[in-house]
$ cat query_6.csv   # CSV, C-alpha atoms
chain,number,residue,atom,x,y,z
F,1475,MET,CA,-47.6,-27.5,-15.4
F,1476,ASN,CA,-44.6,-29.1,-13.6
F,1477,ARG,CA,-44.6,-26.3,-11.1
F,1478,GLN,CA,-48.3,-26.8,-10.5
F,1479,ILE,CA,-47.9,-30.5,-9.8
F,1480,GLN,CA,-45.0,-29.7,-7.5
F,1481,ALA,CA,-47.1,-27.2,-5.6
F,1482,LEU,CA,-49.8,-29.8,-5.2
F,1483,THR,CA,-47.4,-32.3,-3.7
F,1484,GLU,CA,-46.1,-29.6,-1.2
F,1485,ILE,CA,-49.6,-28.9,0.1
F,1486,ASP,CA,-50.0,-29.4,3.9
F,1487,ARG,CA,-52.0,-32.6,4.3
F,1488,VAL,CA,-53.1,-31.8,7.8
F,1489,ILE,CA,-54.8,-28.6,6.7
F,1490,HIS,CA,-56.0,-29.9,3.3
F,1491,GLU,CA,-58.6,-32.2,4.8
F,1492,PRO,CA,-61.9,-30.4,4.2
F,1493,GLY,CA,-63.1,-30.5,7.8
F,1494,ARG,CA,-59.8,-29.2,9.2
F,1495,LEU,CA,-59.5,-26.6,6.4
F,1496,MET,CA,-62.8,-25.2,7.6
F,1497,ILE,CA,-61.6,-25.0,11.2
F,1498,VAL,CA,-58.3,-23.4,10.3
F,1499,ALA,CA,-59.9,-20.9,7.9
F,1500,LEU,CA,-62.4,-19.8,10.6
F,1501,LEU,CA,-59.8,-19.6,13.3
F,1502,SER,CA,-57.4,-17.7,11.1
F,1503,ALA,CA,-59.9,-14.8,10.9
F,1504,VAL,CA,-60.3,-14.4,14.7
F,1505,ASP,CA,-58.1,-14.3,17.8
F,1506,ARG,CA,-60.0,-17.2,19.4
F,1507,ALA,CA,-63.3,-18.9,19.3
F,1508,ASP,CA,-65.1,-21.5,21.3
F,1509,PHE,CA,-66.0,-25.0,20.5
F,1510,LEU,CA,-69.7,-24.1,20.1
F,1511,TYR,CA,-68.9,-21.5,17.5
F,1512,LEU,CA,-66.9,-23.9,15.4
F,1513,GLN,CA,-69.6,-26.5,15.8
F,1514,HIS,CA,-72.2,-24.1,14.6
F,1515,GLU,CA,-70.3,-22.8,11.6
F,1516,THR,CA,-68.9,-26.1,10.4
F,1517,GLU,CA,-72.1,-28.1,11.2
F,1518,MET,CA,-69.9,-31.0,12.3
F,1519,ASN,CA,-71.0,-33.2,15.2
F,1520,LYS,CA,-69.0,-32.9,18.5
F,1521,GLY,CA,-67.1,-36.2,17.9
F,1522,THR,CA,-65.9,-35.3,14.4
F,1523,LEU,CA,-65.0,-31.7,15.4
F,1524,SER,CA,-63.2,-32.9,18.5
F,1525,SER,CA,-61.1,-35.4,16.5
F,1526,HIS,CA,-60.1,-32.8,13.9
F,1527,LEU,CA,-59.1,-30.5,16.7
F,1528,SER,CA,-57.0,-33.2,18.3
F,1529,ARG,CA,-55.2,-33.7,15.0
F,1530,LEU,CA,-54.6,-29.9,14.6
F,1531,GLU,CA,-53.4,-29.7,18.2
F,1532,GLU,CA,-51.0,-32.6,17.7
F,1533,ALA,CA,-49.6,-30.8,14.6
F,1534,GLY,CA,-49.1,-27.7,16.8
F,1535,TYR,CA,-51.5,-25.6,14.8
F,1536,VAL,CA,-54.2,-25.1,17.4
F,1537,GLU,CA,-54.0,-24.3,21.0
F,1538,VAL,CA,-56.9,-25.5,23.3
F,1539,LEU,CA,-57.7,-23.7,26.5
F,1540,LYS,CA,-60.3,-25.1,28.9
F,1541,THR,CA,-62.0,-22.3,30.9
F,1542,TYR,CA,-65.4,-21.3,32.3
F,1543,ARG,CA,-67.9,-18.7,31.2
F,1544,GLY,CA,-69.6,-18.0,34.5
F,1545,LYS,CA,-70.4,-21.6,35.7
F,1546,VAL,CA,-70.5,-23.0,32.2
F,1547,PRO,CA,-67.4,-24.8,30.9
F,1548,GLN,CA,-66.0,-23.4,27.8
F,1549,THR,CA,-63.3,-24.7,25.3
F,1550,LEU,CA,-61.5,-21.9,23.6
F,1551,LEU,CA,-59.5,-22.6,20.4
F,1552,HIS,CA,-56.7,-20.4,19.1
F,1553,LEU,CA,-54.6,-20.7,16.0
F,1554,THR,CA,-50.9,-20.8,16.9
F,1555,LYS,CA,-48.3,-18.8,15.1
F,1556,THR,CA,-47.2,-22.1,13.4
F,1557,GLY,CA,-50.8,-22.8,12.4
F,1558,ARG,CA,-51.2,-19.3,11.0
F,1559,LYS,CA,-48.0,-19.6,9.0
F,1560,ALA,CA,-49.0,-23.0,7.8
F,1561,PHE,CA,-52.4,-21.8,6.6
F,1562,GLU,CA,-50.9,-18.8,4.8
F,1563,GLN,CA,-48.4,-21.2,3.1
F,1564,TYR,CA,-51.3,-23.6,2.3
F,1565,ARG,CA,-53.3,-20.8,0.6
F,1566,ARG,CA,-50.2,-19.8,-1.4
F,1567,LYS,CA,-49.5,-23.3,-2.6
F,1568,LEU,CA,-53.1,-23.9,-3.5
F,1569,LYS,CA,-53.2,-20.7,-5.6
F,1570,GLU,CA,-50.0,-21.9,-7.4
F,1571,ALA,CA,-51.5,-25.3,-8.0
F,1572,LEU,CA,-54.7,-23.9,-9.4
O,510,MET,CA,-60.5,-21.7,-3.0
O,511,ASP,CA,-63.7,-19.5,-3.1
O,512,ARG,CA,-65.1,-21.6,-0.2
O,513,VAL,CA,-61.9,-20.8,1.9
O,514,GLU,CA,-62.3,-17.0,1.1
O,515,SER,CA,-66.0,-17.2,2.1
O,516,LEU,CA,-65.0,-19.0,5.4
O,517,LEU,CA,-62.6,-16.2,6.1
O,518,LYS,CA,-65.4,-13.6,5.9
O,519,ARG,CA,-67.8,-15.6,8.2
O,520,PRO,CA,-66.4,-14.5,11.6
O,521,THR,CA,-66.6,-10.8,10.5
O,522,ALA,CA,-70.3,-11.2,9.6
O,523,TYR,CA,-70.8,-13.1,12.9
O,524,GLY,CA,-70.1,-9.8,14.8
O,525,ASN,CA,-73.6,-8.5,13.8
O,526,VAL,CA,-75.4,-11.8,13.4
O,527,ASP,CA,-77.8,-10.8,16.2
O,528,GLY,CA,-78.4,-7.2,15.0
O,529,THR,CA,-76.6,-5.6,18.0
O,530,GLY,CA,-74.5,-3.4,15.7
O,531,GLU,CA,-77.7,-1.8,14.2
O,532,LEU,CA,-79.4,-1.6,17.5
O,533,GLY,CA,-76.4,0.3,18.9
O,534,MET,CA,-76.2,2.6,15.9
O,535,GLY,CA,-79.9,3.2,15.9
O,536,PHE,CA,-79.9,4.0,19.6
O,537,MET,CA,-77.0,6.4,19.1
O,538,CYS,CA,-78.8,8.3,16.2
O,539,LEU,CA,-82.0,8.6,18.2
O,540,GLY,CA,-80.1,9.7,21.3
O,541,TYR,CA,-78.4,12.4,19.2
O,542,ALA,CA,-81.8,13.3,17.7
O,543,LEU,CA,-83.3,13.7,21.2
O,544,ILE,CA,-80.5,15.9,22.6
O,545,THR,CA,-80.6,18.0,19.3
O,546,TRP,CA,-84.3,18.4,19.7
O,547,LEU,CA,-83.9,19.5,23.3
O,548,GLN,CA,-81.1,21.9,22.3
O,549,LEU,CA,-83.3,23.4,19.6
O,550,HIS,CA,-86.5,23.7,21.6
O,551,THR,CA,-85.2,25.1,24.9
O,552,PRO,CA,-83.7,28.6,25.6
O,553,LYS,CA,-80.0,29.1,24.8
O,554,ASP,CA,-79.1,29.2,28.5
O,555,ALA,CA,-81.0,26.0,29.3
O,556,ILE,CA,-79.1,23.0,30.7
O,557,TRP,CA,-79.4,21.1,27.4
O,558,ASN,CA,-77.3,23.7,25.7
O,559,GLN,CA,-74.4,23.3,28.0
O,560,MET,CA,-71.4,21.6,26.6
O,561,TYR,CA,-70.8,19.4,29.6
O,562,VAL,CA,-74.3,18.0,29.4
O,563,LEU,CA,-73.6,17.0,25.8
O,564,PHE,CA,-70.5,15.1,26.9
O,565,ILE,CA,-72.4,13.4,29.8
O,566,TRP,CA,-75.2,12.5,27.3
O,567,VAL,CA,-72.8,11.0,24.7
O,568,GLY,CA,-70.8,9.2,27.5
O,569,SER,CA,-74.0,7.7,28.9
O,570,MET,CA,-75.2,6.6,25.4
O,571,VAL,CA,-71.8,5.0,24.6
O,572,ALA,CA,-71.8,3.2,28.0
O,573,MET,CA,-75.4,2.0,27.5
O,574,ILE,CA,-74.6,0.7,24.0
O,575,HIS,CA,-71.4,-1.0,25.2
O,576,PHE,CA,-72.9,-2.7,28.2
O,577,GLY,CA,-76.2,-3.5,26.4
O,578,THR,CA,-74.4,-5.2,23.5
O,579,LYS,CA,-72.2,-7.1,26.0
O,580,ALA,CA,-75.3,-8.3,27.9
O,581,ILE,CA,-77.0,-9.5,24.7
O,582,LYS,CA,-73.8,-11.3,23.6
O,583,ASN,CA,-73.1,-12.9,27.0
O,584,HIS,CA,-76.7,-14.0,27.7
O,585,ILE,CA,-78.1,-14.8,24.3
O,586,THR,CA,-75.6,-15.0,21.4
O,587,TYR,CA,-72.6,-16.8,23.0
O,588,PRO,CA,-74.7,-19.5,24.7
O,589,ARG,CA,-76.6,-20.1,21.4
O,590,THR,CA,-74.0,-19.9,18.6
O,591,GLY,CA,-70.7,-19.6,20.3
O,592,PHE,CA,-68.1,-17.1,21.4
O,593,VAL,CA,-65.6,-15.2,19.1
O,594,ALA,CA,-62.9,-12.8,20.1
O,595,TYR,CA,-61.6,-10.7,17.2
O,596,ARG,CA,-58.0,-9.9,16.6
O,597,THR,CA,-56.9,-6.6,18.1
O,598,GLN,CA,-55.3,-5.5,14.8
O,599,ASN,CA,-58.7,-5.7,13.0
O,600,ARG,CA,-60.4,-3.8,15.8
O,601,ILE,CA,-57.8,-1.0,15.6
O,602,TRP,CA,-58.3,-0.6,11.9
O,603,THR,CA,-62.1,-0.6,12.3
O,604,ALA,CA,-61.8,2.1,14.9
O,605,ILE,CA,-59.4,4.2,12.7
O,606,ILE,CA,-61.6,3.9,9.7
O,607,ALA,CA,-64.7,4.8,11.7
O,608,SER,CA,-63.0,7.8,13.2
O,609,VAL,CA,-61.7,9.1,9.9
O,610,VAL,CA,-65.2,8.6,8.3
O,611,SER,CA,-66.9,10.4,11.2
O,612,ALA,CA,-64.4,13.2,11.2
O,613,LEU,CA,-64.7,13.7,7.4
O,614,SER,CA,-68.5,13.7,7.6
O,615,VAL,CA,-68.5,16.4,10.3
O,616,ALA,CA,-65.8,18.4,8.5
O,617,GLY,CA,-67.8,18.1,5.3
O,618,LEU,CA,-71.0,19.3,7.0
O,619,VAL,CA,-69.2,22.2,8.8
O,620,LEU,CA,-67.4,23.2,5.6
O,621,ALA,CA,-70.6,23.1,3.6
O,622,ALA,CA,-72.4,25.3,6.2
O,623,HIS,CA,-69.4,27.7,6.4
O,624,SER,CA,-69.4,28.0,2.6
O,625,HIS,CA,-73.1,29.0,2.8
O,626,TRP,CA,-74.2,26.0,0.7
O,627,HIS,CA,-77.8,25.1,0.9
O,628,ILE,CA,-77.4,22.7,3.8
O,629,VAL,CA,-80.3,20.4,2.8
O,630,MET,CA,-78.2,19.0,-0.1
O,631,PRO,CA,-75.2,18.1,2.1
O,632,VAL,CA,-77.6,16.3,4.5
O,633,PHE,CA,-78.7,14.3,1.5
O,634,PHE,CA,-75.1,13.5,0.5
O,635,ILE,CA,-74.2,12.5,4.0
O,636,GLY,CA,-77.3,10.3,4.0
O,637,LEU,CA,-76.1,8.7,0.8
O,638,PHE,CA,-72.6,8.3,2.3
O,639,PHE,CA,-73.9,6.5,5.4
O,640,ALA,CA,-76.3,4.4,3.2
O,641,ALA,CA,-73.2,3.4,1.1
O,642,GLY,CA,-71.3,2.4,4.2
O,643,TYR,CA,-74.3,0.3,5.4
O,644,ALA,CA,-74.6,-1.2,1.9
O,645,PHE,CA,-71.0,-2.2,2.0
O,646,GLY,CA,-71.5,-4.0,5.3
O,647,ILE,CA,-74.5,-5.9,3.9
O,648,ALA,CA,-72.7,-6.8,0.7
O,649,ARG,CA,-69.9,-8.3,2.8
O,650,SER,CA,-72.1,-10.2,5.2
O,651,GLY,CA,-74.7,-11.0,2.6
O,652,SER,CA,-72.2,-12.9,0.6
O,653,VAL,CA,-71.7,-15.4,3.4
O,654,ASN,CA,-75.1,-15.4,5.0
O,655,ALA,CA,-78.3,-15.2,3.0
O,656,LEU,CA,-80.2,-14.1,6.2
O,657,PHE,CA,-78.7,-10.6,5.8
O,658,ARG,CA,-79.9,-10.0,2.2
O,659,TRP,CA,-83.3,-8.5,3.2
O,660,LYS,CA,-81.3,-5.5,4.6
O,661,TRP,CA,-81.1,-4.1,1.0
O,662,VAL,CA,-84.6,-2.8,1.7
O,663,VAL,CA,-83.2,-0.7,4.6
O,664,VAL,CA,-80.5,0.8,2.2
O,665,LEU,CA,-83.3,1.7,-0.2
O,666,ALA,CA,-85.4,3.3,2.6
O,667,GLN,CA,-82.3,5.2,3.7
O,668,VAL,CA,-81.7,6.6,0.2
O,669,ILE,CA,-85.3,7.4,-0.5
O,670,GLY,CA,-85.7,9.0,3.0
O,671,SER,CA,-82.6,11.2,2.5
O,672,LEU,CA,-84.0,12.3,-0.9
O,673,LEU,CA,-87.4,13.1,0.7
O,674,ILE,CA,-85.8,15.2,3.4
O,675,ALA,CA,-83.8,17.1,0.8
O,676,LEU,CA,-86.9,17.8,-1.1
O,677,LEU,CA,-88.9,19.1,1.9
O,678,PRO,CA,-89.7,22.9,1.8
O,679,GLU,CA,-87.4,25.0,3.9
O,680,ASP,CA,-90.1,26.4,6.1
O,681,LEU,CA,-91.3,22.9,6.9
O,682,THR,CA,-87.8,21.8,8.1
O,683,ALA,CA,-87.5,25.1,10.0
O,684,THR,CA,-90.8,24.2,11.8
O,685,VAL,CA,-89.2,20.9,12.9
O,686,SER,CA,-86.3,22.8,14.6
O,687,GLY,CA,-88.8,25.2,16.2
O,688,GLY,CA,-87.3,28.1,14.2
O,689,SER,CA,-84.0,27.7,16.1
O,690,SER,CA,-80.6,26.7,14.9
O,691,LEU,CA,-77.6,24.8,16.4
O,692,SER,CA,-75.0,27.5,15.8
O,693,THR,CA,-74.6,30.6,13.7
O,694,TRP,CA,-73.3,28.4,10.8
O,695,PHE,CA,-76.6,26.6,10.5
O,696,SER,CA,-80.0,28.0,9.6
O,697,ALA,CA,-83.2,26.8,11.3
O,698,SER,CA,-84.1,24.8,8.2
O,699,SER,CA,-80.7,23.1,8.2
O,700,ALA,CA,-81.0,22.1,11.8
O,701,GLY,CA,-84.5,20.8,11.1
O,702,ALA,CA,-83.2,18.7,8.1
O,703,TYR,CA,-80.3,17.4,10.3
O,704,LEU,CA,-82.8,16.4,13.1
O,705,LEU,CA,-85.1,14.7,10.6
O,706,TRP,CA,-82.1,12.8,9.1
O,707,LEU,CA,-81.0,11.6,12.6
O,708,MET,CA,-84.6,10.5,13.4
O,709,LEU,CA,-85.0,8.7,10.1
O,710,TYR,CA,-81.6,6.8,10.3
O,711,GLY,CA,-82.1,6.0,14.0
O,712,THR,CA,-85.5,4.6,13.4
O,713,LEU,CA,-84.5,2.6,10.3
O,714,LEU,CA,-81.4,1.1,12.1
O,715,LEU,CA,-83.4,0.3,15.2
O,716,ILE,CA,-86.1,-1.5,13.1
O,717,SER,CA,-83.4,-3.3,11.2
O,718,GLY,CA,-81.7,-4.3,14.4
O,719,VAL,CA,-84.9,-5.6,16.0
O,720,ILE,CA,-85.8,-7.7,12.8
O,721,SER,CA,-82.2,-9.1,12.7
O,722,PHE,CA,-82.4,-10.0,16.4
O,723,TRP,CA,-85.8,-11.6,15.9
O,724,LEU,CA,-84.5,-13.6,12.9
O,725,TYR,CA,-81.5,-14.7,14.8
O,726,LEU,CA,-83.6,-16.0,17.7
O,727,ARG,CA,-85.9,-17.7,15.2
O,728,HIS,CA,-83.1,-19.5,13.3
O,729,THR,CA,-81.0,-20.5,16.2
O,730,GLN,CA,-81.6,-22.3,19.4
O,731,ALA,CA,-79.7,-22.8,22.6
O,732,PRO,CA,-77.9,-26.2,22.6
O,733,ALA,CA,-78.1,-28.7,25.4
O,734,LYS,CA,-76.0,-27.6,28.4
O,735,GLU,CA,-73.1,-29.9,27.6
O,736,ALA,CA,-73.0,-28.9,23.9
O,737,ASN,CA,-70.1,-26.5,24.5
O,738,GLU,CA,-68.0,-29.4,25.5
O,739,PRO,CA,-66.3,-31.8,23.2
O,740,ALA,CA,-67.7,-35.3,23.9
O,741,ASN,CA,-65.1,-37.9,23.2
O,742,SER,CA,-61.6,-36.7,23.4
O,743,GLY,CA,-59.1,-37.1,26.0
O,744,ALA,CA,-57.2,-34.0,25.0
O,745,HIS,CA,-60.3,-31.7,25.3
$ encode --input "query_6.csv" --output "C-alpha cells"
Amino acid sequence: MNRQIQALTEIDRVIHEPGRLMIVALLSAVDRADFLYLQHETEMNKGTLSSHLSRLEEAGYVEVLKTYRGKVPQTLLHLTKTGRKAFEQYRRKLKEAL
Amino acid sequence: MDRVESLLKRPTAYGNVDGTGELGMGFMCLGYALITWLQLHTPKDAIWNQMYVLFIWVGSMVAMIHFGTKAIKNHITYPRTGFVAYRTQNRIWTAIIASVVSALSVAGLVLAAHSHWHIVMPVFFIGLFFAAGYAFGIARSGSVNALFRWKWVVVLAQVIGSLLIALLPEDLTATVSGGSSLSTWFSASSAGAYLLWLMLYGTLLLISGVISFWLYLRHTQAPAKEANEPANSGAH
C-alpha cells in the first residue's frame, strides 16, 4: 500500500492533467501530428489545446514546428525524447499505483 | 488507464479512417484479377503472358495506389481531420509482417498445388486467412471508433464467399478460366477458383472502401481556414 502511495506522489503532474495526458498519449503513438488532428481527436477548443501545448512545450515534452502545407499554415507537433521518456515513466508509475 | 491504452490505438486506426486502405487493396485485387483473366483468355504467346508485362502492370498499380492515396489524404483527409506522420519503426514492422504473410500465402498455394491437393480448398483457406487478417484490423480499429464496426459484415461476406467458391463444381470454375491454367502446377478449375476469389475480395474491399469514404465525408467537415492555427498563444 505504501509503495502505491509513493508511486502516486511520483506521478508527473504535467502529464497527469487529463487534457495533456490525451495529447501526450496521441503524440506518443506517432512521429508527428498537426494541431488540427489533435483538436479533432481531443475535441478541445483551439484556446484550451493551445494552452496545454504551451505547458508541454515549456516542460520540454513537445516540440512545435510552424510550417506550410501548400499555402495553408500548419502547426506540427512532435513528442521529444524527454517527453516520450516521461510518458513511459508516467504509465509505469500509474500501473504501480493502481 | 484503459482510456490511455485506447488513445494509443487511435492514431493507428486513423490511417484508414477514410477507407483508402481498402480502396487500395480492392483496386490491387481487381487489377490482379484483370491481368489473370487476360493471361487465361489469350494465347500463351500473347503480350499479357510476358513476364515483363506483369512487372509493368504491378508497378503501375502500386504507383496508382500510392499516388491516389496520397492525393485523397492531401486534398480531403488532412484538411478535414488533420495530418499524422507515423513512426518509421512501425512502418518497417508493418512492411515486414505484410511481406512475410504474402510470401507464406504464395508459398502455401504453390506447395498445395505442387502436392496435387485439390486447389479449391487451399483457395478457401487463403480466403479465410485474409478474412482473419481483415477481422483483426477491424477488431483493432473498432475498439476505438464505433464507425468501423459495420465492417464485420464484410468479414462475413468474405468467409461466405470463399466457402461458396470452394463449393462450386470444378467444371464451372474451369469455365471461368476459359479452360486454361496459369502454369503446369494449376488446373483450369484451380485458376478459375483463384480468379473468382480475386474478383470477390477486390469487389468486397472496394465496396467497403467506398462506404468508409462516404461515412468519413458524412461525419466530418472541413474546418474554417484558420482552424489549423492555434488562436491565442504567443508560442504558436
$ residues_around --input "query_6.csv" --residues "stretch 638-653 of chain O" --least-positions-apart "6" --cutoff "8 Å" --atoms "all atoms listed in the file" --output "list in words"
Ser515, Leu516, Lys518, Arg519, Thr521, Ala522, Lys660, Trp661, Val664, Gln667 and Val668 of chain O
$ closest_residue --input "query_6.csv" --among "F:Leu1501, F:Leu1550, F:Leu1510, F:Ala1560" --to "chain O" --atoms "only C-alpha atoms"
F:Leu1510
$ closest_atom_pairs --input "query_6.csv" --of "stretch 576-607 of chain O" --to "stretch 717-736 of chain O" --cutoff "12 Å" --atoms "all atoms listed in the file" --output "Markdown table"
| residue | atom | partner | partner_atom | distance |
| --- | --- | --- | --- | --- |
| O:Thr578 | CA | O:Gly718 | CA | 11.7 |
| O:Ile581 | CA | O:Phe722 | CA | 9.9 |
| O:Lys582 | CA | O:Phe722 | CA | 11.3 |
| O:His584 | CA | O:Ala731 | CA | 10.6 |
| O:Ile585 | CA | O:Ala731 | CA | 8.3 |
| O:Thr586 | CA | O:Tyr725 | CA | 8.9 |
| O:Tyr587 | CA | O:Ala731 | CA | 9.3 |
| O:Pro588 | CA | O:Ala731 | CA | 6.3 |
| O:Arg589 | CA | O:Ala731 | CA | 4.3 |
| O:Thr590 | CA | O:Thr729 | CA | 7.4 |
| O:Gly591 | CA | O:Ala731 | CA | 9.8 |
$ atom_distance --input "query_6.csv" --atom1 "atom CA of O:Gly687" --atom2 "atom CA of O:Leu547"
10.3 Å
$ interface_residues --input "query_6.csv" --of "chain F" --to "chain O" --cutoff "10 Å" --atoms "all atoms listed in the file" --output "MDAnalysis selection string"
chainID F and resid 1492 1495:1516 1519:1525 1527:1528 1531:1532 1538:1540 1543:1544 1546:1552 1565 1568:1569 1572
$ residues_near_point --input "query_6.csv" --point "(-52.9, -20.3, 16.8)" --cutoff "6 Å" --atoms "only C-alpha atoms" --output "PyMOL selection string"
chain F and resi 1535-1537+1552-1555+1557
$ atom_distance --input "query_6.csv" --atom1 "atom CA of O:Leu715" --atom2 "atom CA of O:Ala655"
20.4 Å
$ closest_residue --input "query_6.csv" --among "F:His1526, F:Asn1476, F:Asp1486, F:Tyr1542" --to "F:Lys1567" --atoms "only C-alpha atoms"
F:Asp1486
